[in-house]
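> File entry_0.cif follows (mmCIF, C-alpha atoms and all ligand atoms; chains and numbers go by the auth columns):
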data_upload
loop_
_atom_site.group_PDB
_atom_site.id
_atom_site.type_symbol
_atom_site.label_atom_id
_atom_site.label_comp_id
_atom_site.label_asym_id
_atom_site.label_seq_id
_atom_site.Cartn_x
_atom_site.Cartn_y
_atom_site.Cartn_z
_atom_site.B_iso_or_equiv
_atom_site.auth_seq_id
_atom_site.auth_asym_id
ATOM 1 C CA MET A 1 -156.190 67.845 112.272 0.00 102 A
ATOM 2 C CA GLU A 2 -156.340 66.136 115.595 0.00 103 A
ATOM 3 C CA ILE A 3 -159.595 64.424 116.485 0.00 104 A
ATOM 4 C CA PRO A 4 -160.455 65.021 120.177 0.00 105 A
ATOM 5 C CA SER A 5 -159.376 62.142 122.393 0.00 106 A
ATOM 6 C CA ASP A 6 -162.908 61.422 123.647 0.00 107 A
ATOM 7 C CA VAL A 7 -164.275 60.753 120.166 0.00 108 A
ATOM 8 C CA GLU A 8 -165.093 57.073 119.770 0.00 109 A
ATOM 9 C CA TYR A 9 -166.656 56.940 116.352 0.00 110 A
ATOM 10 C CA VAL A 10 -165.875 58.665 113.078 0.00 111 A
ATOM 11 C CA SER A 11 -168.551 57.888 110.524 0.00 112 A
ATOM 12 C CA PRO A 12 -167.921 56.420 107.073 0.00 113 A
ATOM 13 C CA SER A 13 -166.938 59.035 104.487 0.00 114 A
ATOM 14 C CA ALA A 14 -166.495 61.625 107.265 0.00 115 A
ATOM 15 C CA PHE A 15 -163.624 63.393 105.466 0.00 116 A
ATOM 16 C CA SER A 16 -164.394 62.024 102.022 0.00 117 A
ATOM 17 C CA THR A 17 -163.232 64.233 99.092 0.00 118 A
ATOM 18 C CA ASN A 18 -161.907 66.912 101.437 0.00 119 A
ATOM 19 C CA SER A 19 -158.976 68.470 99.593 0.00 120 A
ATOM 20 C CA LYS A 20 -157.778 70.717 102.427 0.00 121 A
ATOM 21 C CA ILE A 21 -156.853 68.278 105.183 0.00 122 A
ATOM 22 C CA THR A 22 -153.146 67.402 105.129 0.00 123 A
ATOM 23 C CA SER A 23 -152.872 65.255 108.235 0.00 124 A
ATOM 24 C CA ILE A 24 -155.201 63.391 110.551 0.00 125 A
ATOM 25 C CA VAL A 25 -154.628 61.781 113.933 0.00 126 A
ATOM 26 C CA PHE A 26 -157.208 59.228 114.985 0.00 127 A
ATOM 27 C CA PRO A 27 -156.990 58.969 118.819 0.00 128 A
ATOM 28 C CA ALA A 28 -156.768 55.657 120.637 0.00 129 A
ATOM 29 C CA SER A 29 -160.463 55.934 121.512 0.00 130 A
ATOM 30 C CA VAL A 30 -161.434 55.359 117.863 0.00 131 A
ATOM 31 C CA SER A 31 -161.490 51.566 117.536 0.00 132 A
ATOM 32 C CA LYS A 32 -162.622 51.356 113.927 0.00 133 A
ATOM 33 C CA ILE A 33 -161.613 53.313 110.831 0.00 134 A
ATOM 34 C CA CYS A 34 -164.796 53.218 108.805 0.00 135 A
ATOM 35 C CA ASP A 35 -165.050 52.690 105.078 0.00 136 A
ATOM 36 C CA ASN A 36 -164.288 55.637 102.803 0.00 137 A
ATOM 37 C CA VAL A 37 -163.433 57.819 105.787 0.00 138 A
ATOM 38 C CA CYS A 38 -160.721 59.622 103.798 0.00 139 A
ATOM 39 C CA PHE A 39 -161.868 58.663 100.321 0.00 140 A
ATOM 40 C CA TYR A 40 -160.067 60.944 97.847 0.00 141 A
ATOM 41 C CA CYS A 41 -158.546 63.331 100.346 0.00 142 A
ATOM 42 C CA ASP A 42 -156.013 64.391 97.789 0.00 143 A
ATOM 43 C CA ALA A 43 -153.982 66.756 100.000 0.00 144 A
ATOM 44 C CA LEU A 44 -153.629 64.240 102.787 0.00 145 A
ATOM 45 C CA THR A 45 -149.997 63.284 103.428 0.00 146 A
ATOM 46 C CA SER A 46 -149.923 61.787 106.908 0.00 147 A
ATOM 47 C CA VAL A 47 -152.273 59.764 109.059 0.00 148 A
ATOM 48 C CA GLU A 48 -151.712 58.327 112.497 0.00 149 A
ATOM 49 C CA ILE A 49 -154.098 55.676 113.791 0.00 150 A
ATOM 50 C CA LYS A 50 -153.487 55.219 117.487 0.00 151 A
ATOM 51 C CA GLY A 51 -155.818 52.456 118.513 0.00 152 A
ATOM 52 C CA ALA A 52 -158.025 51.044 115.751 0.00 153 A
ATOM 53 C CA GLU A 53 -158.508 47.292 115.393 0.00 154 A
ATOM 54 C CA LEU A 54 -160.104 47.549 111.978 0.00 155 A
ATOM 55 C CA ILE A 55 -159.414 49.621 108.890 0.00 156 A
ATOM 56 C CA ASP A 56 -162.375 49.173 106.623 0.00 157 A
ATOM 57 C CA SER A 57 -162.467 49.157 102.845 0.00 158 A
ATOM 58 C CA MET A 58 -161.336 52.124 100.805 0.00 159 A
ATOM 59 C CA ALA A 59 -160.624 54.122 103.944 0.00 160 A
ATOM 60 C CA PHE A 60 -157.707 55.819 102.186 0.00 161 A
ATOM 61 C CA ASP A 61 -158.562 55.088 98.587 0.00 162 A
ATOM 62 C CA GLY A 62 -157.520 57.888 96.269 0.00 163 A
ATOM 63 C CA CYS A 63 -155.271 59.574 98.847 0.00 164 A
ATOM 64 C CA ASN A 64 -152.479 59.828 96.333 0.00 165 A
ATOM 65 C CA LYS A 65 -150.198 61.941 98.490 0.00 166 A
ATOM 66 C CA LEU A 66 -150.546 59.797 101.579 0.00 167 A
ATOM 67 C CA THR A 67 -147.034 58.521 102.164 0.00 168 A
ATOM 68 C CA ASP A 68 -146.953 58.379 105.924 0.00 169 A
ATOM 69 C CA LEU A 69 -149.464 56.063 107.521 0.00 170 A
ATOM 70 C CA LYS A 70 -148.838 55.055 111.108 0.00 171 A
ATOM 71 C CA ILE A 71 -150.920 52.207 112.450 0.00 172 A
ATOM 72 C CA SER A 72 -151.506 50.994 115.994 0.00 173 A
ATOM 73 C CA GLY A 73 -150.233 47.547 116.939 0.00 174 A
ATOM 74 C CA LYS A 74 -153.798 46.770 118.024 0.00 175 A
ATOM 75 C CA LEU A 75 -154.817 46.371 114.390 0.00 176 A
ATOM 76 C CA LYS A 76 -156.480 43.045 113.611 0.00 177 A
ATOM 77 C CA LYS A 77 -157.845 43.582 110.131 0.00 178 A
ATOM 78 C CA ILE A 78 -157.093 45.891 107.227 0.00 179 A
ATOM 79 C CA ASP A 79 -159.351 45.916 104.228 0.00 180 A
ATOM 80 C CA SER A 80 -158.221 47.009 100.782 0.00 181 A
ATOM 81 C CA TYR A 81 -156.602 50.294 99.813 0.00 182 A
ATOM 82 C CA ALA A 82 -154.176 51.457 102.405 0.00 183 A
ATOM 83 C CA SER A 83 -151.123 53.352 101.268 0.00 184 A
ATOM 84 C CA ALA A 84 -147.517 53.687 100.217 0.00 185 A
ATOM 85 C CA ALA A 85 -145.502 53.872 103.412 0.00 186 A
ATOM 86 C CA ILE A 86 -146.823 52.238 106.525 0.00 187 A
ATOM 87 C CA THR A 87 -145.360 52.376 109.989 0.00 188 A
ATOM 88 C CA PHE A 88 -146.835 49.678 112.157 0.00 189 A
ATOM 89 C CA TYR A 89 -146.552 50.053 115.920 0.00 190 A
ATOM 90 C CA GLY A 90 -145.729 46.420 116.482 0.00 191 A
ATOM 91 C CA SER A 91 -143.594 43.538 115.267 0.00 192 A
ATOM 92 C CA LYS A 92 -143.521 41.969 111.823 0.00 193 A
ATOM 93 C CA ASP A 93 -145.098 38.883 113.394 0.00 194 A
ATOM 94 C CA ALA A 94 -147.999 40.945 114.656 0.00 195 A
ATOM 95 C CA TRP A 95 -148.398 42.516 111.215 0.00 196 A
ATOM 96 C CA ASP A 96 -148.394 39.094 109.581 0.00 197 A
ATOM 97 C CA LYS A 97 -151.290 38.132 111.818 0.00 198 A
ATOM 98 C CA VAL A 98 -153.418 41.090 110.721 0.00 199 A
ATOM 99 C CA GLU A 99 -156.188 39.881 108.456 0.00 200 A
ATOM 100 C CA LYS A 100 -155.630 41.453 105.049 0.00 201 A
ATOM 101 C CA SER A 101 -155.904 40.863 101.357 0.00 202 A
ATOM 102 C CA ASP A 102 -152.667 39.596 99.811 0.00 203 A
ATOM 103 C CA SER A 103 -153.797 40.751 96.395 0.00 204 A
ATOM 104 C CA ASP A 104 -154.379 44.343 97.468 0.00 205 A
ATOM 105 C CA PRO A 105 -152.132 46.381 95.127 0.00 206 A
ATOM 106 C CA PHE A 106 -151.781 49.144 97.694 0.00 207 A
ATOM 107 C CA LEU A 107 -150.508 46.805 100.372 0.00 208 A
ATOM 108 C CA GLN A 108 -148.187 45.113 97.907 0.00 209 A
ATOM 109 C CA ARG A 109 -146.606 48.458 97.057 0.00 210 A
ATOM 110 C CA ALA A 110 -146.378 49.609 100.622 0.00 211 A
ATOM 111 C CA THR A 111 -143.007 49.895 102.281 0.00 212 A
ATOM 112 C CA MET A 112 -143.290 48.652 105.811 0.00 213 A
ATOM 113 C CA GLU A 113 -141.577 49.880 108.898 0.00 214 A
ATOM 114 C CA PHE A 114 -141.997 48.151 112.238 0.00 215 A
ATOM 115 C CA ASP A 115 -141.755 50.206 115.376 0.00 216 A
ATOM 116 C CA GLU A 116 -142.035 47.709 118.197 0.00 217 A
ATOM 117 C CA ASN A 117 -140.979 50.088 120.910 0.00 218 A
ATOM 118 C CA HIS A 118 -143.665 52.624 120.286 0.00 219 A
ATOM 119 C CA ILE A 119 -145.769 53.251 123.350 0.00 220 A
ATOM 120 C CA GLU A 120 -149.382 54.069 122.703 0.00 221 A
ATOM 121 C CA GLU A 121 -149.963 57.082 124.826 0.00 222 A
ATOM 122 C CA VAL A 122 -152.922 56.679 127.121 0.00 223 A
ATOM 123 C CA LYS A 123 -153.987 59.866 128.845 0.00 224 A
ATOM 124 C CA GLY A 124 -153.427 59.557 132.574 0.00 225 A
ATOM 125 C CA ASP A 125 -151.260 56.460 132.289 0.00 226 A
ATOM 126 C CA VAL A 126 -148.333 57.826 134.294 0.00 227 A
ATOM 127 C CA ASN A 127 -146.952 54.416 135.235 0.00 228 A
ATOM 128 C CA GLY A 128 -146.838 53.474 131.558 0.00 229 A
ATOM 129 C CA ASP A 129 -148.594 50.103 131.693 0.00 230 A
ATOM 130 C CA GLY A 130 -150.981 51.040 128.892 0.00 231 A
ATOM 131 C CA GLU A 131 -154.031 51.641 131.059 0.00 232 A
ATOM 132 C CA PHE A 132 -155.369 54.540 133.034 0.00 233 A
ATOM 133 C CA ASN A 133 -156.657 53.419 136.392 0.00 234 A
ATOM 134 C CA ILE A 134 -156.551 54.128 140.117 0.00 235 A
ATOM 135 C CA SER A 135 -152.897 53.122 140.448 0.00 236 A
ATOM 136 C CA ASP A 136 -151.957 55.989 138.126 0.00 237 A
ATOM 137 C CA VAL A 137 -153.977 58.448 140.194 0.00 238 A
ATOM 138 C CA LEU A 138 -152.330 57.256 143.412 0.00 239 A
ATOM 139 C CA LEU A 139 -148.862 57.303 141.876 0.00 240 A
ATOM 140 C CA PHE A 140 -149.274 60.828 140.596 0.00 241 A
ATOM 141 C CA GLN A 141 -150.660 61.975 143.940 0.00 242 A
ATOM 142 C CA LYS A 142 -147.646 60.542 145.767 0.00 243 A
ATOM 143 C CA TRP A 143 -145.307 62.140 143.262 0.00 244 A
ATOM 144 C CA LEU A 144 -146.948 65.531 143.761 0.00 245 A
ATOM 145 C CA LEU A 145 -146.584 65.138 147.510 0.00 246 A
ATOM 146 C CA GLY A 146 -142.882 64.623 146.968 0.00 247 A
ATOM 147 C CA LYS A 147 -142.683 61.132 148.423 0.00 248 A
ATOM 148 C CA PRO A 148 -139.166 59.749 148.005 0.00 249 A
ATOM 149 C CA GLY A 149 -138.485 57.135 145.336 0.00 250 A
ATOM 150 C CA ILE A 150 -141.578 57.926 143.299 0.00 251 A
ATOM 151 C CA GLU A 151 -140.986 58.135 139.577 0.00 252 A
ATOM 152 C CA LEU A 152 -143.376 58.676 136.728 0.00 253 A
ATOM 153 C CA ALA A 153 -142.727 56.487 133.692 0.00 254 A
ATOM 154 C CA ASN A 154 -144.627 58.897 131.477 0.00 255 A
ATOM 155 C CA TRP A 155 -145.137 62.286 133.081 0.00 256 A
ATOM 156 C CA GLN A 156 -146.684 63.758 129.916 0.00 257 A
ATOM 157 C CA ALA A 157 -149.675 61.481 130.417 0.00 258 A
ATOM 158 C CA ALA A 158 -150.515 63.406 133.586 0.00 259 A
ATOM 159 C CA ASP A 159 -150.381 66.847 132.007 0.00 260 A
ATOM 160 C CA PHE A 160 -154.120 67.222 131.695 0.00 261 A
ATOM 161 C CA THR A 161 -153.917 70.998 131.410 0.00 262 A
ATOM 162 C CA GLY A 162 -151.434 70.710 128.547 0.00 263 A
ATOM 163 C CA ASP A 163 -149.030 73.354 129.878 0.00 264 A
ATOM 164 C CA LYS A 164 -146.025 71.006 130.110 0.00 265 A
ATOM 165 C CA LYS A 165 -145.957 71.360 133.891 0.00 266 A
ATOM 166 C CA LEU A 166 -147.366 69.088 136.529 0.00 267 A
ATOM 167 C CA ASN A 167 -149.244 70.422 139.500 0.00 268 A
ATOM 168 C CA VAL A 168 -152.390 70.028 141.531 0.00 269 A
ATOM 169 C CA PHE A 169 -154.586 71.282 138.685 0.00 270 A
ATOM 170 C CA ASP A 170 -153.526 68.266 136.657 0.00 271 A
ATOM 171 C CA LEU A 171 -154.357 66.003 139.561 0.00 272 A
ATOM 172 C CA CYS A 172 -157.844 67.523 139.856 0.00 273 A
ATOM 173 C CA LEU A 173 -158.518 66.969 136.170 0.00 274 A
ATOM 174 C CA MET A 174 -157.063 63.492 136.350 0.00 275 A
ATOM 175 C CA LYS A 175 -159.368 62.566 139.222 0.00 276 A
ATOM 176 C CA ARG A 176 -162.343 63.995 137.394 0.00 277 A
ATOM 177 C CA GLU A 177 -161.411 61.981 134.309 0.00 278 A
ATOM 178 C CA TYR A 178 -161.005 58.874 136.423 0.00 279 A
ATOM 179 C CA VAL A 179 -164.428 59.279 138.016 0.00 280 A
ATOM 180 C CA ALA A 180 -166.066 60.028 134.649 0.00 281 A
ATOM 181 C CA LYS A 181 -164.487 56.935 133.156 0.00 282 A
ATOM 182 C CA LYS A 182 -165.919 54.578 135.755 0.00 283 A
HETATM 183 CA CA CA B . -151.360 52.902 134.182 0.00 301 A
HETATM 184 CA CA CA B . -150.235 70.694 133.594 0.00 302 A
#
Could you render the structure from this file as structure tokens?

Amino acid sequence: MEIPSDVEYVSPSAFSTNSKITSIVFPASVSKICDNVCFYCDALTSVEIKGAELIDSMAFDGCNKLTDLKISGKLKKIDSYASAAITFYGSKDAWDKVEKSDSDPFLQRATMEFDENHIEEVKGDVNGDGEFNISDVLLFQKWLLGKPGIELANWQAADFTGDKKLNVFDLCLMKREYVAKK
């Protein structure tokens, strides 16, 4: 399941003991993975955490099938009981700086993969600098007007309508999103 990208908070134990969910994507807007959020989700195999700074205790405790856990490079602290195979969107150095328990058996067992080149996708961030702001709106507008030499680093970020095409409808939604964000 994909949690909508405007959700900022998922409460502790939100999916606890759910045996139907097989995958969960926590959007970049969710800054904290609360305790027990997926406690004993025994069908869960993959989780992607796009922006959280904290993974609280027992968030994935008892998720025995969870073998694919992708974690944002923004992570600062991971409490006990993560999982078997972790992909961290950052360097090994950054991972070493994450506050964690060295005696956590789950972390000790985990196989780590470091994906330093992963770009956290930020909706609207067409120039790919990691933030959505007025310069993205102006860039996209110029691109739509066909100004020469204008390139979008990440065109998908502008596809607000989700139809894999870019046009004025996307620009309208982008502007609305920009105004709402301010
Ligand atoms: Ca940007
Ligand atoms: Ca579109």
> May I ask you to write as an NGL selection string all residues lying at most 8 Å from ligand CA 301 (chain A), with all atoms listed in the file counted?
:A and (225-237)
> Near Phe189 (chain A), counting all atoms listed in the file, which residues have an atom at most 10 Å away, once you skip same-chain residues fewer than 3 positions from it, shown as a VMD selection string?
chain A and resid 149 to 150 170 to 176 186 192 to 193 195 to 196 213 to 217 219
> What residues of the protein or nucleic acid chains come within 12 Å of ligand CA 302 (chain A) when you use all atoms listed in the file? Reply as a list in words.
Gly225, Leu245, Trp256, Gln257, Ala258, Ala259, Asp260, Phe261, Thr262, Gly263, Asp264, Lys265, Lys266, Leu267, Asn268, Val269, Phe270, Asp271, Leu272, Cys273, Leu274 and Met275 of chain A
> So what do you get for CA of Gln209 (chain A) versus CA of Lys177 (chain A), distance-wise?
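Answer for the CA of Gln209 (chain A) to CA of Lys177 (chain A) separation: 17.9 Å.
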> Need the shell around region 116-125 of chain A: protein/DNA/RNA residues with any atom at most 8 Å away, counting only C-alpha atoms. Skip same-chain ones fewer than 3 positions apart. Format as an MDAnalysis selection string?
chainID A and resid 102:104 137:149
> Hey, what's within 9 Å of Leu155 (chain A) if we count all atoms listed in the file and toss same-chain stuff fewer than 5 positions away? As a ChimeraX atom specification, please?
/A:132-135,175-180
> Would you put the residues from that selection into a file with C-alpha atoms, as a tab-separated table (two decimals), keeping the file's coordinate frame?

chain	number	residue	atom	x	y	z
A	132	SER	CA	-161.49	51.57	117.54
A	133	LYS	CA	-162.62	51.36	113.93
A	134	ILE	CA	-161.61	53.31	110.83
A	135	CYS	CA	-164.80	53.22	108.80
A	175	LYS	CA	-153.80	46.77	118.02
A	176	LEU	CA	-154.82	46.37	114.39
A	177	LYS	CA	-156.48	43.04	113.61
A	178	LYS	CA	-157.84	43.58	110.13
A	179	ILE	CA	-157.09	45.89	107.23
A	180	ASP	CA	-159.35	45.92	104.23
> I'd like the interatomic distance between CA of Trp244 (chain A) and CA of Lys151 (chain A), to a tenth of an Å.
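These two atoms are separated by 27.9 Å.
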> Between CA of Gly152 (chain A) and CA of Arg277 (chain A), what distance in Å does the model show, to one decimal?
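These atoms are spaced 23.1 Å apart.
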> Any chance you could resolve the PyMOL selection byres (((chain A and resi 202) around 10) and not hetatm) against this file and give the residues as a PyMOL selection string?
chain A and resi 178-182+199-201+203-209
> With C-alpha atoms retained, export the selected residues as a PDB file, in the frame of the given file.

ATOM      1  CA  LYS A 178    -157.845  43.582 110.131  1.00  0.00           C
ATOM      2  CA  ILE A 179    -157.093  45.891 107.227  1.00  0.00           C
ATOM      3  CA  ASP A 180    -159.351  45.916 104.228  1.00  0.00           C
ATOM      4  CA  SER A 181    -158.221  47.009 100.782  1.00  0.00           C
ATOM      5  CA  TYR A 182    -156.602  50.294  99.813  1.00  0.00           C
ATOM      6  CA  VAL A 199    -153.418  41.090 110.721  1.00  0.00           C
ATOM      7  CA  GLU A 200    -156.188  39.881 108.456  1.00  0.00           C
ATOM      8  CA  LYS A 201    -155.630  41.453 105.049  1.00  0.00           C
ATOM      9  CA  ASP A 203    -152.667  39.596  99.811  1.00  0.00           C
ATOM     10  CA  SER A 204    -153.797  40.751  96.395  1.00  0.00           C
ATOM     11  CA  ASP A 205    -154.379  44.343  97.468  1.00  0.00           C
ATOM     12  CA  PRO A 206    -152.132  46.381  95.127  1.00  0.00           C
ATOM     13  CA  PHE A 207    -151.781  49.144  97.694  1.00  0.00           C
ATOM     14  CA  LEU A 208    -150.508  46.805 100.372  1.00  0.00           C
ATOM     15  CA  GLN A 209    -148.187  45.113  97.907  1.00  0.00           C
TER      16      GLN A 209
END
> Pick out the closest residue to Met159 (chain A) from this set: A:Asn218, A:Ser106, A:Asn255, A:Ser114. Count all atoms listed in the file.
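When distances to Met159 (chain A) are compared using all atoms listed in the file, the smallest one comes from A:Ser114.
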